[in-house]
Each structure stands twice: as C-alpha cells, then as structure tokens.
>>> print(open('coords17.cif').read())   # mmCIF, C-alpha atoms
data_run
#
loop_
_atom_site.label_atom_id
_atom_site.label_comp_id
_atom_site.auth_asym_id
_atom_site.auth_seq_id
_atom_site.Cartn_x
_atom_site.Cartn_y
_atom_site.Cartn_z
CA MET A 28 84.04 147.81 80.00
CA SER A 29 87.43 146.61 81.25
CA THR A 30 90.29 149.01 81.84
CA PRO A 31 92.47 147.79 78.94
CA GLU A 32 89.69 148.73 76.52
CA LEU A 33 89.94 152.30 77.84
CA GLY A 34 93.59 152.42 76.81
CA LEU A 35 94.98 151.96 80.30
CA PRO A 36 97.61 151.79 81.53
CA MET A 37 98.94 154.66 79.45
CA ALA A 38 102.28 153.64 77.95
CA VAL A 39 105.03 155.93 79.20
CA PRO A 40 108.45 154.45 78.45
CA ALA A 41 111.29 154.94 80.92
CA PRO A 42 114.88 155.39 79.76
CA GLY A 43 117.32 152.50 79.72
CA LEU A 44 114.77 149.67 79.54
CA PRO A 45 114.46 146.91 76.94
CA THR A 46 111.81 147.27 74.23
CA ARG A 47 110.67 143.64 74.54
CA VAL A 48 110.56 141.11 77.37
CA ARG A 49 110.04 137.37 77.07
CA ILE A 50 107.81 136.04 79.83
CA HIS A 51 108.69 132.52 80.95
CA GLU A 52 105.30 131.30 82.17
CA VAL A 53 105.65 128.82 85.05
CA GLY A 54 102.02 128.47 86.14
CA PRO A 55 101.33 124.96 84.82
CA ARG A 56 104.42 123.54 86.53
CA ASP A 57 105.63 125.69 89.42
CA GLY A 58 102.17 127.13 89.96
CA LEU A 59 100.26 123.85 90.20
CA GLN A 60 102.86 121.53 91.75
CA ASN A 61 101.87 122.33 95.34
CA GLU A 62 98.13 121.96 94.89
CA LYS A 63 96.86 119.37 97.36
CA ALA A 64 93.85 118.35 95.30
CA THR A 65 94.77 116.62 92.06
CA VAL A 66 94.15 118.82 89.03
CA PRO A 67 92.83 116.68 86.14
CA THR A 68 95.24 116.26 83.25
CA GLU A 69 92.63 117.65 80.84
CA VAL A 70 92.38 120.84 82.92
CA LYS A 71 96.17 121.27 82.89
CA ALA A 72 96.22 120.83 79.12
CA GLU A 73 93.43 123.36 78.68
CA PHE A 74 95.28 125.79 80.96
CA ILE A 75 98.39 125.55 78.77
CA ARG A 76 96.35 125.94 75.58
CA ARG A 77 94.62 129.04 76.94
CA LEU A 78 97.94 130.54 78.01
CA ALA A 79 99.30 129.97 74.51
CA ASP A 80 96.18 131.56 73.05
CA ALA A 81 96.82 134.60 75.28
CA GLY A 82 100.16 135.09 73.53
CA LEU A 83 102.63 133.49 75.91
CA THR A 84 105.40 131.86 73.90
CA THR A 85 107.30 130.01 76.66
CA ILE A 86 105.11 127.89 78.94
CA GLU A 87 106.70 125.49 81.39
CA ALA A 88 104.49 122.46 80.99
CA THR A 89 105.38 119.92 83.70
CA SER A 90 108.16 118.09 85.53
CA PHE A 91 109.50 114.60 84.94
CA VAL A 92 110.22 114.10 88.62
CA HIS A 93 109.39 110.89 90.48
CA PRO A 94 105.63 110.90 91.24
CA LYS A 95 106.35 110.22 94.92
CA TRP A 96 108.00 113.61 95.31
CA VAL A 97 105.52 115.74 93.35
CA PRO A 98 102.24 113.77 93.01
CA GLN A 99 100.52 116.66 91.23
CA LEU A 100 102.84 116.22 88.25
CA ALA A 101 102.67 112.42 88.08
CA ASP A 102 100.80 112.71 84.78
CA ALA A 103 103.73 114.23 82.82
CA GLU A 104 103.71 111.39 80.25
CA GLN A 105 99.98 111.87 79.65
CA LEU A 106 100.01 115.67 79.64
CA PHE A 107 102.95 116.50 77.40
CA PRO A 108 101.61 114.80 74.23
CA MET A 109 98.30 116.63 74.72
CA VAL A 110 100.00 120.02 74.24
CA SER A 111 103.13 119.26 72.22
CA ASP A 112 101.43 120.39 69.00
CA LEU A 113 101.26 123.98 70.22
CA PRO A 114 103.49 126.48 68.37
CA VAL A 115 105.20 127.58 71.61
CA ASP A 116 108.22 126.52 73.65
CA LEU A 117 107.24 123.96 76.31
CA PRO A 118 110.16 123.51 78.74
CA VAL A 119 109.97 120.68 81.28
CA LEU A 120 111.86 120.10 84.50
CA VAL A 121 114.18 117.06 84.60
CA PRO A 122 115.74 116.29 88.02
CA ASN A 123 118.08 113.53 86.83
CA GLU A 124 119.02 111.29 83.89
CA ARG A 125 115.88 109.17 84.26
CA GLY A 126 113.72 112.29 84.07
CA LEU A 127 115.62 113.42 81.00
CA GLU A 128 115.07 110.05 79.31
CA ARG A 129 111.34 110.32 79.93
CA ALA A 130 111.23 113.84 78.52
CA LEU A 131 113.32 113.09 75.44
CA SER A 132 111.24 110.01 74.68
CA LEU A 133 108.31 112.39 74.19
CA SER A 134 110.39 114.67 71.94
CA ALA A 135 110.78 117.49 74.47
CA THR A 136 113.24 120.06 73.10
CA ARG A 137 113.61 122.32 76.15
CA VAL A 138 114.51 121.02 79.60
CA ALA A 139 115.52 122.52 82.93
CA VAL A 140 117.61 121.38 85.90
CA PHE A 141 117.06 122.74 89.40
CA ALA A 142 120.12 123.60 91.52
CA SER A 143 120.56 125.43 94.81
CA ALA A 144 122.89 128.20 95.91
CA THR A 145 122.82 126.95 99.51
CA GLU A 146 123.72 123.68 101.21
CA SER A 147 120.57 123.63 103.35
CA PHE A 148 118.19 123.86 100.41
CA ALA A 149 120.22 121.41 98.35
CA LYS A 150 119.85 118.94 101.20
CA ALA A 151 116.11 119.61 101.62
CA ASN A 152 115.27 119.58 97.92
CA LEU A 153 117.76 117.09 96.46
CA ASN A 154 119.20 115.29 99.51
CA ARG A 155 122.66 116.24 98.25
CA THR A 156 125.32 118.87 98.82
CA VAL A 157 125.54 121.71 96.30
CA ASP A 158 128.53 120.10 94.61
CA GLU A 159 126.95 116.64 94.61
CA ALA A 160 123.88 118.11 92.92
CA LEU A 161 126.03 119.81 90.29
CA ALA A 162 127.81 116.52 89.65
CA MET A 163 124.43 114.84 89.20
CA PHE A 164 123.34 117.49 86.69
CA GLU A 165 126.50 117.35 84.58
CA PRO A 166 125.59 114.16 82.62
CA VAL A 167 121.98 115.34 82.39
CA VAL A 168 123.02 118.59 80.74
CA ARG A 169 125.55 116.84 78.50
CA ARG A 170 123.01 114.29 77.28
CA ALA A 171 120.39 116.96 76.74
CA LYS A 172 122.81 119.01 74.66
CA ASP A 173 123.82 115.89 72.71
CA GLY A 174 120.12 115.56 71.90
CA ASP A 175 119.99 119.20 70.70
CA ALA A 176 117.81 120.26 73.61
CA HIS A 177 117.88 123.77 75.10
CA VAL A 178 118.82 123.61 78.78
CA ARG A 179 117.79 126.08 81.48
CA GLY A 180 119.52 126.05 84.84
CA TYR A 181 117.33 127.11 87.75
CA LEU A 182 119.14 128.33 90.83
CA SER A 183 117.17 128.57 94.08
CA MET A 184 117.90 130.67 97.17
CA CYS A 185 119.89 133.33 95.31
CA PHE A 186 118.96 136.11 97.73
CA GLY A 187 118.23 134.44 101.06
CA ASP A 188 117.68 131.05 102.66
CA PRO A 189 115.17 130.18 105.43
CA TRP A 190 117.78 128.12 107.28
CA GLU A 191 121.00 130.01 106.53
CA GLY A 192 119.80 133.61 106.22
CA PRO A 193 121.71 135.90 103.84
CA VAL A 194 123.40 134.17 100.91
CA PRO A 195 126.79 135.62 99.90
CA VAL A 196 126.79 136.95 96.35
CA ASP A 197 130.00 135.11 95.47
CA GLN A 198 128.37 131.84 96.52
CA VAL A 199 125.57 132.39 94.01
CA VAL A 200 128.02 133.42 91.31
CA ARG A 201 130.05 130.21 91.80
CA VAL A 202 127.06 127.95 91.20
CA CYS A 203 125.81 130.05 88.26
CA ARG A 204 129.25 129.82 86.68
CA ALA A 205 129.28 126.03 87.21
CA LEU A 206 125.86 125.64 85.53
CA LEU A 207 126.97 127.74 82.58
CA ASP A 208 130.27 125.88 82.28
CA MET A 209 128.52 122.50 82.16
CA GLY A 210 126.50 123.67 79.16
CA CYS A 211 123.31 125.41 80.35
CA ASP A 212 122.00 127.83 77.75
CA GLU A 213 120.09 129.98 80.22
CA LEU A 214 120.05 130.68 83.96
CA SER A 215 117.05 131.60 86.12
CA LEU A 216 117.91 133.40 89.37
CA GLY A 217 115.36 132.33 91.97
CA ASP A 218 114.30 134.46 94.93
CA THR A 219 112.69 131.39 96.44
CA ILE A 220 111.46 132.98 99.68
CA GLY A 221 110.89 136.47 98.27
CA VAL A 222 113.45 138.37 100.37
CA ALA A 223 115.32 140.17 97.56
CA THR A 224 115.34 143.95 97.25
CA PRO A 225 116.35 145.99 94.17
CA GLY A 226 119.86 146.91 95.30
CA HIS A 227 120.62 143.25 96.02
CA VAL A 228 119.35 142.30 92.56
CA LEU A 229 121.59 144.86 90.86
CA ARG A 230 124.61 143.80 92.91
CA LEU A 231 124.18 140.13 92.00
CA LEU A 232 123.69 140.88 88.30
CA ALA A 233 126.82 143.05 88.26
CA ALA A 234 128.82 140.32 90.02
CA LEU A 235 127.65 137.75 87.48
CA ASN A 236 128.75 139.99 84.63
CA GLU A 237 132.15 140.45 86.29
CA ALA A 238 132.45 136.64 86.44
CA GLY A 239 131.83 136.37 82.71
CA VAL A 240 128.10 135.52 82.83
CA PRO A 241 126.43 137.65 80.13
CA THR A 242 123.15 139.37 80.90
CA ASP A 243 121.45 137.85 77.85
CA VAL A 244 121.54 134.34 79.38
CA ILE A 245 119.98 135.48 82.67
CA GLY A 246 116.32 135.27 83.63
CA VAL A 247 114.84 136.32 86.97
CA HIS A 248 112.30 134.47 89.10
CA PHE A 249 110.86 136.53 91.96
CA HIS A 250 108.35 135.59 94.62
CA ASP A 251 106.13 138.30 96.09
CA THR A 252 106.35 137.27 99.76
CA TYR A 253 107.25 140.81 100.90
CA GLY A 254 105.66 142.67 97.99
CA GLN A 255 108.99 143.24 96.23
CA ALA A 256 108.62 141.17 93.06
CA LEU A 257 107.77 144.00 90.64
CA ALA A 258 110.37 146.36 92.14
CA ASN A 259 113.00 143.65 91.79
CA THR A 260 111.89 142.94 88.23
CA LEU A 261 112.22 146.61 87.32
CA ALA A 262 115.76 146.65 88.73
CA ALA A 263 116.62 143.60 86.61
CA LEU A 264 115.16 145.27 83.50
CA GLN A 265 117.25 148.38 84.19
CA HIS A 266 120.31 146.13 84.15
CA GLY A 267 119.28 144.72 80.77
CA VAL A 268 117.58 141.44 81.68
CA THR A 269 114.89 140.55 79.14
CA THR A 270 113.58 137.20 80.47
CA VAL A 271 111.22 137.24 83.44
CA ASP A 272 109.53 134.25 85.05
CA ALA A 273 105.93 134.67 86.16
CA SER A 274 102.92 132.54 87.02
CA ALA A 275 99.41 133.15 85.72
CA GLY A 276 97.21 134.25 88.58
CA GLY A 277 100.19 134.29 90.96
CA LEU A 278 99.94 130.55 91.52
CA GLY A 279 102.71 128.68 93.26
CA GLY A 280 105.29 128.54 95.98
CA CYS A 281 107.89 126.02 97.04
CA PRO A 282 107.15 122.74 98.86
CA TYR A 283 110.50 122.74 100.65
CA ALA A 284 110.44 126.35 101.92
CA LYS A 285 107.43 127.10 104.08
CA SER A 286 107.88 130.89 103.82
CA ALA A 287 107.74 130.87 100.02
CA THR A 288 104.41 132.32 98.89
CA GLY A 289 103.21 132.85 95.37
CA ASN A 290 105.21 133.67 92.30
CA LEU A 291 105.02 137.05 90.62
CA ALA A 292 101.62 137.10 88.91
CA THR A 293 101.88 137.23 85.12
CA GLU A 294 98.99 139.73 84.98
CA ASP A 295 100.76 142.13 87.34
CA LEU A 296 103.96 141.85 85.29
CA VAL A 297 102.16 142.45 81.99
CA TRP A 298 100.36 145.49 83.42
CA MET A 299 103.68 147.08 84.49
CA LEU A 300 105.39 146.25 81.20
CA ARG A 301 102.47 147.67 79.19
CA GLY A 302 102.72 150.87 81.18
CA LEU A 303 106.42 151.07 80.37
CA GLY A 304 105.76 150.55 76.67
CA ILE A 305 107.56 147.20 76.69
CA ASP A 306 106.24 144.60 74.26
CA THR A 307 105.43 141.08 75.53
CA GLY A 308 103.05 139.83 72.85
CA VAL A 309 100.56 138.95 75.59
CA ASP A 310 96.86 139.79 75.36
CA LEU A 311 96.07 140.92 78.90
CA GLY A 312 92.33 140.37 78.57
CA ARG A 313 92.77 136.75 77.47
CA LEU A 314 95.36 136.18 80.18
CA VAL A 315 93.03 137.51 82.88
CA ALA A 316 90.20 135.32 81.57
CA THR A 317 92.50 132.29 81.67
CA SER A 318 93.60 132.92 85.25
CA GLU A 319 90.01 133.51 86.32
CA TRP A 320 89.07 130.22 84.70
CA MET A 321 91.84 128.35 86.52
CA ALA A 322 90.99 130.02 89.83
CA GLY A 323 87.47 128.69 89.37
CA ARG A 324 88.81 125.18 88.76
CA LEU A 325 90.91 125.42 91.93
CA GLY A 326 88.01 126.83 93.92
CA ARG A 327 89.72 129.91 95.26
CA PRO A 328 90.45 133.51 94.22
CA SER A 329 93.68 134.57 92.57
CA PRO A 330 96.12 136.74 94.54
CA SER A 331 96.91 138.79 91.41
CA ARG A 332 96.02 142.43 92.05
CA THR A 333 95.63 143.16 88.35
CA LEU A 334 93.30 140.22 87.88
CA ARG A 335 91.14 141.40 90.78
CA ALA A 336 91.02 144.95 89.45
CA LEU A 337 90.12 143.90 85.93
CA SER A 338 87.60 141.27 86.90
CA HIS A 339 85.47 143.85 88.76
CA LYS A 340 84.66 141.29 91.42
CA GLU A 341 85.06 141.25 95.16
CA GLN A 342 87.43 138.37 95.81
#
>>> encode(input="coords17.cif", output="structure tokens")
Amino acid sequence: MSTPELGLPMAVPAPGLPTRVRIHEVGPRDGLQNEKATVPTEVKAEFIRRLADAGLTTIEATSFVHPKWVPQLADAEQLFPMVSDLPVDLPVLVPNERGLERALSLSATRVAVFASATESFAKANLNRTVDEALAMFEPVVRRAKDGDAHVRGYLSMCFGDPWEGPVPVDQVVRVCRALLDMGCDELSLGDTIGVATPGHVLRLLAALNEAGVPTDVIGVHFHDTYGQALANTLAALQHGVTTVDASAGGLGGCPYAKSATGNLATEDLVWMLRGLGIDTGVDLGRLVATSEWMAGRLGRPSPSRTLRALSHKEQ
C-alpha cells in the first residue's frame, strides 16, 4: 500500500498561504532538452498525455528553437499535433520570430520567450546583450499578442550567475519590467543555478511589487542544486505567488550553465502542497507512476525524493 492511500501527508494548513497553486509542468521541454540520447517523439507524446491524465493543466510541450541548438526538440512540428487535442494548456518556447511562425502555424495558443537578467548568460544562451535580446523579443511578443496568444516571459539568472556571481535585485527588476511592458502576460523568475535562498526570494518579489509588477503575473522556477527549491517555493507562496514551475521526476538542467542541476521535482512539490492543504488538482499516485515510467524509458532513476519514497524501491 502506498503512503497516499494511508492519508499521508496529513493536511495541516499554514496561515497566509494560497488555497490553490497552478503547477507549470516543464518536464517535456526543460526536462528532456538536455538528454543526450534522442527520446522518440511517441514517447514524448505519451509522457505529455500521462501528465495530463495525472491532473496537470499546464504542460510545456516543446520548443520551436533551431534543431542545431537543441537537437532533442527537433521534432516540435511532429510532436505538437500529437498532443494538441488534450484539454490542457500546452505552452511552447519560441526564441525568435521564425520560431513563433512555426508555433502559430500549428495553432499554438501559449508561447514563451527566454530572456536573461545577466549579460554573461545572454551572451552564452542568445549570443546577444540583454538589451539586444529584449529588442529581438519585442516583435515576437507583439505578433504573438496580435494572434491572441498568451505570452510567458522566462527570465534566467535571477538570483546568481556562474560567471558574474550575485545578480543585483534592481537588475532583475529592470528586465522583468521590460518584459511586462512589451506585452508578456506572465513572468517566470528562474533560479537557473539553484543558488537562491528564501530571504533573497522575498526581497526580489517585494522589489518587483514596488516597481509595479503584480504578484499575480509572477511564477517561480527553482532548481534544487543546493537543496533549497522547496524552501524557496514556500517563501514565494508566503508572498502570494500561486504559479510554480516544476519538472516531473526532477528532470532537467540548463545546457549553458554547467552547475545547473535538476529542476524542482513535481512530486516533491505536490507532496509539500498536499501537506499544506493547498489544492493542485494533481493525482500524486498517477504522477509518480508517470515519472517512474519515464525514468524507465531514460534508463536511470529519478532524483525525486518523493518518487523514491513512494515507489518502495532502492534506486
């Protein structure tokens, strides 16, 4: 018998937290993009379908980036039509106008652009300065909005950079404000190398509010490099954030930042939220089964602690 069937974790709400959190599942895109061995398109589609069946309502499907840069996602045109019938939101990453055209031609209704808070990462990831990247995104966002698409603005290196070290809060706020001003509907604050701590999270969120960025357009994206992802998420929830990015099975990292290990595991997030009495709509048992299935396809165990505990296997 698995632990959830015993009624665990016991739900004990804490004061000042939201009653519901939307999980932005990034496993099929951010989680799989760094896999060296090509994952068959049919397996990716099945992964997305299983995640939807587990109750996840926002599942980032793929990226319309040039195949040379992310070979794992070269099958975006084949994959998206295989899952577009699902009754869930399926955001896709679009790095430029060409990527947007490809996505819109397949009737994608939710897209995301990927900016950087630091010059070093902007150069490594986009071969542009921060401002040049923002200028590149402006027509992308405008065209997406003209096509009635929802636009998410990802911002990397919000809490620290492997080349530059600490990232000033006002530097992050400036780029967030620019993304919002150009028309992004939602922002995702990325702790790309996992160096954030709760006080830093609260300080950045407060600074964003002071700059006119409302909490309800902010999502958080934490990596668990130093074991801080859940603590940072809790701090964000205490501030009122209700959108949290996570990756089934803890898959993923960042190809341009060697110290970036896996994303916050969706199972670990759901376990904490269940214990806090916060609704996610996610069936933890089905989610665990899905991540176990994908781990088997990838040929290695999942780093998710909750998955390991509930699977009753030595991994």
>>> atom_distance(input="coords17.cif", atom1="CA of Leu35 (chain A)", atom2="CA of Gln265 (chain A)")
22.9 Å
>>> residues_near_point(input="coords17.cif", point="(107.9, 136.8, 89.3)", cutoff="8 Å", atoms="only C-alpha atoms", output="PyMOL selection string")
chain A and resi 247-251+256-257+260+271-274+290-293+296
>>> atom_distance(input="coords17.cif", atom1="CA of Val268 (chain A)", atom2="CA of Ile245 (chain A)")
6.5 Å
>>> resolve_selection(input="coords17.cif", expression="the PyMOL selection byres ((chain A and resi 53-56) around 10)", output="ChimeraX atom specification")
/A:50-52,57-61,71-72,74-75,78,85-90,99-100,118-120,248,272-279,290-293,318
>>> write_last_selection(input="coords17.cif", atoms="C-alpha atoms", output="short mmCIF file (atom, residue, chain, number, x, y, z; two decimals), in the frame of the given file")
data_model
loop_
_atom_site.label_atom_id
_atom_site.label_comp_id
_atom_site.auth_asym_id
_atom_site.auth_seq_id
_atom_site.Cartn_x
_atom_site.Cartn_y
_atom_site.Cartn_z
CA ILE A 50 107.81 136.04 79.83
CA HIS A 51 108.69 132.52 80.95
CA GLU A 52 105.30 131.30 82.17
CA ASP A 57 105.63 125.69 89.42
CA GLY A 58 102.17 127.13 89.96
CA LEU A 59 100.26 123.85 90.20
CA GLN A 60 102.86 121.53 91.75
CA ASN A 61 101.87 122.33 95.34
CA LYS A 71 96.17 121.27 82.89
CA ALA A 72 96.22 120.83 79.12
CA PHE A 74 95.28 125.79 80.96
CA ILE A 75 98.39 125.55 78.77
CA LEU A 78 97.94 130.54 78.01
CA THR A 85 107.30 130.01 76.66
CA ILE A 86 105.11 127.89 78.94
CA GLU A 87 106.70 125.49 81.39
CA ALA A 88 104.49 122.46 80.99
CA THR A 89 105.38 119.92 83.70
CA SER A 90 108.16 118.09 85.53
CA GLN A 99 100.52 116.66 91.23
CA LEU A 100 102.84 116.22 88.25
CA PRO A 118 110.16 123.51 78.74
CA VAL A 119 109.97 120.68 81.28
CA LEU A 120 111.86 120.10 84.50
CA HIS A 248 112.30 134.47 89.10
CA ASP A 272 109.53 134.25 85.05
CA ALA A 273 105.93 134.67 86.16
CA SER A 274 102.92 132.54 87.02
CA ALA A 275 99.41 133.15 85.72
CA GLY A 276 97.21 134.25 88.58
CA GLY A 277 100.19 134.29 90.96
CA LEU A 278 99.94 130.55 91.52
CA GLY A 279 102.71 128.68 93.26
CA ASN A 290 105.21 133.67 92.30
CA LEU A 291 105.02 137.05 90.62
CA ALA A 292 101.62 137.10 88.91
CA THR A 293 101.88 137.23 85.12
CA SER A 318 93.60 132.92 85.25
#
>>> resolve_selection(input="coords17.cif", expression="the PyMOL selection byres ((chain A and resi 172-189) around 6)", output="list in words")
Thr136, Arg137, Val138, Ala139, Val140, Phe141, Ala142, Ser143, Ala144, Arg169, Arg170, Ala171, Trp190, Glu191, Gly192, Pro193, Val194, Val199, Cys211, Asp212, Glu213, Leu214, Ser215, Leu216, Gly217, Asp218, Thr219 and Ala223 of chain A
>>> resolve_selection(input="coords17.cif", expression="the PyMOL selection byres ((chain A and resi 316) around 10)", output="number ranges by chain")
A: 77-78, 81, 276, 311-315, 317-322, 334, 337-338
>>> closest_residue(input="coords17.cif", among="A:Met209, A:Leu117, A:Leu33, A:Ala79", to="Leu133 (chain A)", atoms="all atoms listed in the file")
A:Leu117
>>> residues_around(input="coords17.cif", residues="Pro98 (chain A)", least_positions_apart="2", cutoff="9 Å", atoms="only C-alpha atoms", output="ChimeraX atom specification")
/A:60-61,63,65,93-96,100-102
>>> atom_distance(input="coords17.cif", atom1="CA of Gly34 (chain A)", atom2="CA of Asp306 (chain A)")
15.1 Å
>>> closest_residue(input="coords17.cif", among="A:Ala149, A:Ala263, A:Ala234, A:Ile305", to="Gly246 (chain A)", atoms="all atoms listed in the file")
A:Ala263
>>> residues_around(input="coords17.cif", residues="Pro108 (chain A)", least_positions_apart="3", cutoff="10 Å", atoms="only C-alpha atoms", output="count of residues only")
9
>>> closest_residue(input="coords17.cif", among="A:Leu83, A:Ala38, A:Val196, A:Leu261", to="Leu232 (chain A)", atoms="only C-alpha atoms")
A:Val196
>>> residues_around(input="coords17.cif", residues="Arg204 (chain A)", least_positions_apart="2", cutoff="9 Å", atoms="only C-alpha atoms", output="list in words")
Val199, Val200, Arg201, Val202, Leu206, Leu207, Asp208, Met209, Leu235, Ala238, Gly239 and Val240 of chain A
>>> write_last_selection(input="coords17.cif", atoms="C-alpha atoms", output="tab-separated table (two decimals), in the coordinates of the input")
chain	number	residue	atom	x	y	z
A	199	VAL	CA	125.57	132.39	94.01
A	200	VAL	CA	128.02	133.42	91.31
A	201	ARG	CA	130.05	130.21	91.80
A	202	VAL	CA	127.06	127.95	91.20
A	206	LEU	CA	125.86	125.64	85.53
A	207	LEU	CA	126.97	127.74	82.58
A	208	ASP	CA	130.27	125.88	82.28
A	209	MET	CA	128.52	122.50	82.16
A	235	LEU	CA	127.65	137.75	87.48
A	238	ALA	CA	132.45	136.64	86.44
A	239	GLY	CA	131.83	136.37	82.71
A	240	VAL	CA	128.10	135.52	82.83
>>> residues_near_point(input="coords17.cif", point="(124.1, 112.1, 84.0)", cutoff="12 Å", atoms="all atoms listed in the file", output="list of chain:residue names")
A:Val121, A:Pro122, A:Asn123, A:Glu124, A:Arg125, A:Gly126, A:Leu127, A:Glu128, A:Val140, A:Glu159, A:Ala160, A:Leu161, A:Ala162, A:Met163, A:Phe164, A:Glu165, A:Pro166, A:Val167, A:Val168, A:Arg169, A:Arg170, A:Ala171, A:Lys172, A:Asp173, A:Met209
>>> decode(input="coords17.cif", residues="region 139-159 of chain A", atoms="N, CA, C and O atoms", output="mmCIF file, in the first residue's frame")
data_model
loop_
_atom_site.group_PDB
_atom_site.id
_atom_site.type_symbol
_atom_site.label_atom_id
_atom_site.label_comp_id
_atom_site.auth_asym_id
_atom_site.auth_seq_id
_atom_site.Cartn_x
_atom_site.Cartn_y
_atom_site.Cartn_z
ATOM 1 N N ALA A 139 6.271 31.143 -25.105
ATOM 2 C CA ALA A 139 7.170 31.723 -24.107
ATOM 3 C C ALA A 139 8.452 32.189 -24.767
ATOM 4 O O ALA A 139 8.957 31.544 -25.688
ATOM 5 N N VAL A 140 8.966 33.346 -24.302
ATOM 6 C CA VAL A 140 10.289 33.820 -24.712
ATOM 7 C C VAL A 140 11.230 33.667 -23.522
ATOM 8 O O VAL A 140 10.783 33.563 -22.374
ATOM 9 N N PHE A 141 12.529 33.656 -23.788
ATOM 10 C CA PHE A 141 13.504 33.260 -22.779
ATOM 11 C C PHE A 141 14.602 34.298 -22.680
ATOM 12 O O PHE A 141 15.545 34.299 -23.460
ATOM 13 N N ALA A 142 14.477 35.226 -21.717
ATOM 14 C CA ALA A 142 15.442 36.309 -21.545
ATOM 15 C C ALA A 142 16.402 36.007 -20.395
ATOM 16 O O ALA A 142 16.246 35.021 -19.677
ATOM 17 N N SER A 143 17.377 36.879 -20.234
ATOM 18 C CA SER A 143 18.379 36.722 -19.179
ATOM 19 C C SER A 143 18.502 38.010 -18.378
ATOM 20 O O SER A 143 18.397 39.113 -18.935
ATOM 21 N N ALA A 144 18.746 37.866 -17.083
ATOM 22 C CA ALA A 144 18.983 39.031 -16.233
ATOM 23 C C ALA A 144 20.440 39.474 -16.280
ATOM 24 O O ALA A 144 20.770 40.550 -15.799
ATOM 25 N N THR A 145 21.327 38.638 -16.848
ATOM 26 C CA THR A 145 22.749 38.967 -16.859
ATOM 27 C C THR A 145 23.311 38.972 -18.277
ATOM 28 O O THR A 145 22.855 38.238 -19.151
ATOM 29 N N GLU A 146 24.333 39.796 -18.472
ATOM 30 C CA GLU A 146 24.975 39.895 -19.779
ATOM 31 C C GLU A 146 25.687 38.596 -20.155
ATOM 32 O O GLU A 146 25.640 38.163 -21.312
ATOM 33 N N SER A 147 26.326 37.959 -19.194
ATOM 34 C CA SER A 147 27.094 36.741 -19.495
ATOM 35 C C SER A 147 26.200 35.627 -20.006
ATOM 36 O O SER A 147 26.530 34.937 -20.969
ATOM 37 N N PHE A 148 25.050 35.434 -19.361
ATOM 38 C CA PHE A 148 24.164 34.362 -19.793
ATOM 39 C C PHE A 148 23.461 34.720 -21.094
ATOM 40 O O PHE A 148 23.216 33.852 -21.932
ATOM 41 N N ALA A 149 23.145 36.002 -21.272
ATOM 42 C CA ALA A 149 22.542 36.421 -22.536
ATOM 43 C C ALA A 149 23.500 36.118 -23.688
ATOM 44 O O ALA A 149 23.085 35.660 -24.758
ATOM 45 N N LYS A 150 24.779 36.351 -23.459
ATOM 46 C CA LYS A 150 25.774 36.072 -24.490
ATOM 47 C C LYS A 150 25.890 34.570 -24.741
ATOM 48 O O LYS A 150 25.930 34.109 -25.880
ATOM 49 N N ALA A 151 25.924 33.774 -23.662
ATOM 50 C CA ALA A 151 26.080 32.321 -23.797
ATOM 51 C C ALA A 151 24.855 31.674 -24.418
ATOM 52 O O ALA A 151 24.973 30.760 -25.235
ATOM 53 N N ASN A 152 23.676 32.144 -24.058
ATOM 54 C CA ASN A 152 22.439 31.487 -24.464
ATOM 55 C C ASN A 152 21.879 32.040 -25.776
ATOM 56 O O ASN A 152 21.318 31.294 -26.572
ATOM 57 N N LEU A 153 22.048 33.359 -25.984
ATOM 58 C CA LEU A 153 21.419 34.003 -27.139
ATOM 59 C C LEU A 153 22.413 34.717 -28.048
ATOM 60 O O LEU A 153 22.030 35.229 -29.102
ATOM 61 N N ASN A 154 23.691 34.758 -27.620
ATOM 62 C CA ASN A 154 24.728 35.461 -28.380
ATOM 63 C C ASN A 154 24.340 36.924 -28.611
ATOM 64 O O ASN A 154 24.579 37.491 -29.675
ATOM 65 N N ARG A 155 23.735 37.516 -27.581
ATOM 66 C CA ARG A 155 23.321 38.910 -27.622
ATOM 67 C C ARG A 155 23.504 39.532 -26.254
ATOM 68 O O ARG A 155 23.607 38.828 -25.252
ATOM 69 N N THR A 156 23.498 40.878 -26.201
ATOM 70 C CA THR A 156 23.436 41.548 -24.914
ATOM 71 C C THR A 156 22.010 41.428 -24.385
ATOM 72 O O THR A 156 21.085 41.034 -25.115
ATOM 73 N N VAL A 157 21.815 41.782 -23.119
ATOM 74 C CA VAL A 157 20.473 41.741 -22.538
ATOM 75 C C VAL A 157 19.523 42.622 -23.336
ATOM 76 O O VAL A 157 18.410 42.207 -23.696
ATOM 77 N N ASP A 158 19.954 43.834 -23.648
ATOM 78 C CA ASP A 158 19.080 44.752 -24.380
ATOM 79 C C ASP A 158 18.847 44.312 -25.818
ATOM 80 O O ASP A 158 17.748 44.499 -26.364
ATOM 81 N N GLU A 159 19.855 43.722 -26.448
ATOM 82 C CA GLU A 159 19.670 43.201 -27.809
ATOM 83 C C GLU A 159 18.658 42.061 -27.809
ATOM 84 O O GLU A 159 17.842 41.929 -28.732
#
